[in-house]
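Colleague: Below you will find the structure I want to go over with you.
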Amino acid sequence: MLETQTSPLIPKWTNDLDPIYDINKTYLENFEEGPFFQGLIPCRKFNNQSEWLDFLGHKVMSPLGVPAGPLLSSKWISLASKLGFDILTYKTIRSKKHKAHPLPNMLYVDPINEKNHSFQKAISRKTPHENINNLSVTNSFGMPSMSKNFLLEDIGKANNCLLPGQLLVVSIVGTSSPGIDLFQDFVEAAALAKDAGAKVIEANFSCPNVNSKEGSLYKDPDAVYRLGKKLKEALGSTPLIIKVGYLESDNEIEKLALAAAKANIDAISGINTISASVNTPEGNPALSDLRKNSGICGGPIRDYGVQFIKKLSNLIKTHQLHLPLIGVGGITLPEDFDKYLSAGATVSQSATGMMWDPYLAMRYHQKGD
């Protein structure tokens, strides 16, 4: 049972602390047995409701949240809620049950930045970096999903465990397979999320860990517009966020923003992980011969994410678009949330940082105490 700590003190982070997701266990084992958290829940000072943020028609206590990935079920949502994260994204669901990739799913890595481009390579390592600011992992899950009946019940439980001033977002993705229209399957997944009680839906257009086209939709402005429009028509008044990956050029980012606005999409979240080839120190594929590339997460991708949000925010202002932004990528320290907010994001979300330092939001809330 989780206990509330009477003292405001939060333990200092060290790299020998276990994350709440056990990278040595399978996805299903983490789903069933996790989250692995034995600490106390610190006291939180709750701000006055007049200071709450208006986000997509919902009042939230703070702009801090967790993106799709770490929150595998209502149990994980409940823990994140108690630990001070207020905009909580239920891990990406599909219209039908879908298995995870086999182990390994997560490895510690040292990314290699080649000249002025994003990471193209990474080398696996056995232990986390000594400084959480530099902690980096690769993840490769393949966006697993539970059965429709489970999701209909569990998303309801996730909503019920939230505090006033907190918001549940449900991430969805379509499944590309023979005989199934990808865009229509996105709509079916969104309908499932809405039926389960999702107040806001996030469509994942940017997963680097699948080999099919649903993982790179954000790179095609026409696909962003056509699928975004189709989802908006199906969802009605339910707000729609799209999750996008890293784009470097202003021209690409501008086309993305204009396509999203034309489709009446309500917000953009970015960046997702940065794809890179991941090898062992000996030069062999770290995950498997079938998964030579996977997503890089953690502190080293922070500057890419902040740069992307800043460029996107400036282009949105230039074109006078109404597109709130959710900044994601590399937030491992409390001050990292503010880096995204200063760059133009309305909301800042942490995945890897939250998993390895579950007190991250509380450290932010207690700044200046």
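Quick note on naming: the chains in the structure tokens go A, B, ... in the order shown, residues restart at 1 in each chain, and ligands are numbered from 1 in order of appearance.
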Please provide as a list in words all residues within 6 Å of range 159-167 of chain A, with the sequence filter that same-chain residues fewer than 2 positions apart are discarded (counting only C-alpha atoms).
Modeller: Lys59, Val60, Met61, Ser78, Asp86, Ile87, Gly156 and Lys157 of chain A
Colleague: May I have the residues within 12 Å of Arg226 in chain A as an MDAnalysis selection string, using only C-alpha atoms and disregarding those fewer than 6 positions away in the same chain?
Modeller: chainID A and resid 182:184 186 217:218 220 232:233 259:265
Colleague: For the selection you just gave me, I'd like the residues written to a file as a CSV table (one decimal), in the first residue's frame, keeping N, CA, C and O atoms.
Modeller:
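Output file again.csv is given in full below:
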chain,number,residue,atom,x,y,z
A,182,LEU,N,-5.8,1.2,-43.0
A,182,LEU,CA,-5.1,1.8,-41.8
A,182,LEU,C,-5.9,3.0,-41.2
A,182,LEU,O,-6.0,3.1,-40.0
A,183,PHE,N,-6.4,3.9,-42.1
A,183,PHE,CA,-7.1,5.1,-41.6
A,183,PHE,C,-8.3,4.7,-40.8
A,183,PHE,O,-8.7,5.2,-39.8
A,184,GLN,N,-9.1,3.7,-41.4
A,184,GLN,CA,-10.3,3.2,-40.7
A,184,GLN,C,-10.0,2.6,-39.4
A,184,GLN,O,-10.7,2.7,-38.4
A,186,PHE,N,-7.5,3.3,-37.4
A,186,PHE,CA,-7.3,4.4,-36.5
A,186,PHE,C,-8.6,4.9,-35.9
A,186,PHE,O,-8.7,5.2,-34.7
A,217,LEU,N,3.7,8.5,-40.2
A,217,LEU,CA,2.7,9.3,-40.8
A,217,LEU,C,3.0,10.8,-40.7
A,217,LEU,O,2.6,11.6,-41.6
A,218,TYR,N,3.6,11.2,-39.7
A,218,TYR,CA,3.8,12.7,-39.4
A,218,TYR,C,4.7,13.3,-40.5
A,218,TYR,O,4.7,14.5,-40.7
A,220,ASP,N,4.4,12.9,-43.7
A,220,ASP,CA,3.6,13.1,-44.9
A,220,ASP,C,2.4,14.1,-44.6
A,220,ASP,O,1.4,13.7,-44.0
A,232,LYS,N,-11.1,13.6,-36.7
A,232,LYS,CA,-11.9,14.7,-36.1
A,232,LYS,C,-13.4,14.6,-36.4
A,232,LYS,O,-14.3,14.8,-35.5
A,233,GLU,N,-13.7,14.1,-37.6
A,233,GLU,CA,-15.1,13.9,-38.0
A,233,GLU,C,-15.7,12.8,-37.1
A,233,GLU,O,-16.9,12.9,-36.8
A,259,ALA,N,-0.9,21.5,-42.1
A,259,ALA,CA,-1.8,20.3,-42.4
A,259,ALA,C,-2.6,20.0,-41.1
A,259,ALA,O,-3.8,19.7,-41.3
A,260,ALA,N,-2.0,20.1,-40.0
A,260,ALA,CA,-2.8,19.8,-38.7
A,260,ALA,C,-3.9,20.9,-38.5
A,260,ALA,O,-5.0,20.5,-38.1
A,261,ALA,N,-3.5,22.1,-38.8
A,261,ALA,CA,-4.5,23.2,-38.6
A,261,ALA,C,-5.7,23.1,-39.6
A,261,ALA,O,-6.8,23.2,-39.3
A,262,LYS,N,-5.3,22.7,-40.8
A,262,LYS,CA,-6.4,22.5,-41.9
A,262,LYS,C,-7.3,21.4,-41.5
A,262,LYS,O,-8.5,21.4,-41.8
A,263,ALA,N,-6.8,20.4,-40.8
A,263,ALA,CA,-7.7,19.2,-40.4
A,263,ALA,C,-8.4,19.5,-39.1
A,263,ALA,O,-9.1,18.7,-38.6
A,264,ASN,N,-8.2,20.7,-38.5
A,264,ASN,CA,-8.8,21.1,-37.2
A,264,ASN,C,-8.4,20.2,-36.1
A,264,ASN,O,-9.1,20.1,-35.1
A,265,ILE,N,-7.2,19.7,-36.2
A,265,ILE,CA,-6.6,19.0,-35.0
A,265,ILE,C,-6.4,20.0,-33.9
A,265,ILE,O,-6.1,21.2,-34.1
Colleague: Determine the nearest neighbour of Ile112 in chain A from the options A:Lys194, A:Pro300, A:Ile93, A:Met146, counting only C-alpha atoms.
Modeller: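 Distance minimum relative to Ile112 in chain A lands on A:Pro300.
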Colleague: Which residue, A:Asn272, A:Thr127, A:Ser73, A:Asn30, has the smallest gap to Cys297 in chain A when you use only C-alpha atoms?
Modeller: A:Asn272
Colleague: Please list as a list in words every residue within 6 Å of range 238-253 of chain A, counting only C-alpha atoms and excluding residues in the same chain fewer than 4 positions away.
Modeller: Val200, Ile201, Glu202, Ala203, Asn204, Phe205, Ser206, Tyr218, Ile265, Asp266, Ala267, Ile268, Ser269, Gly270, Ile271 and Asn272 of chain A
Colleague: When distances are computed from only C-alpha atoms, which of A:Tyr27, A:Phe37, A:His101, A:Gly353 shows the smallest separation from Asn134 in chain A?
Modeller: A:Gly353
Colleague: Can you list, as an NGL selection string, all residues belonging to range 242-301 of chain A that DSSP tags as helix (DSSP H, G or I)?
Modeller: :A and (250-262 or 299-301)
Colleague: I need the residues from that last selection saved to file as a compact mmCIF listing (two decimals), in the first residue's frame (with C-alpha atoms), if you can.
Modeller:
# COMPACT_ATOMS: atom_id res chain seq x y z
CA ASP A 250 11.59 24.65 -40.97
CA ASN A 251 9.88 23.73 -44.23
CA GLU A 252 8.91 20.26 -42.98
CA ILE A 253 7.70 21.65 -39.66
CA GLU A 254 5.68 24.36 -41.39
CA LYS A 255 3.95 21.83 -43.65
CA LEU A 256 3.11 19.69 -40.61
CA ALA A 257 1.60 22.66 -38.72
CA LEU A 258 -0.47 23.82 -41.69
CA ALA A 259 -1.77 20.31 -42.37
CA ALA A 260 -2.76 19.84 -38.72
CA ALA A 261 -4.53 23.21 -38.61
CA LYS A 262 -6.36 22.51 -41.88
CA GLY A 299 18.36 13.29 -21.51
CA PRO A 300 20.40 13.29 -24.74
CA ILE A 301 17.34 13.95 -26.93
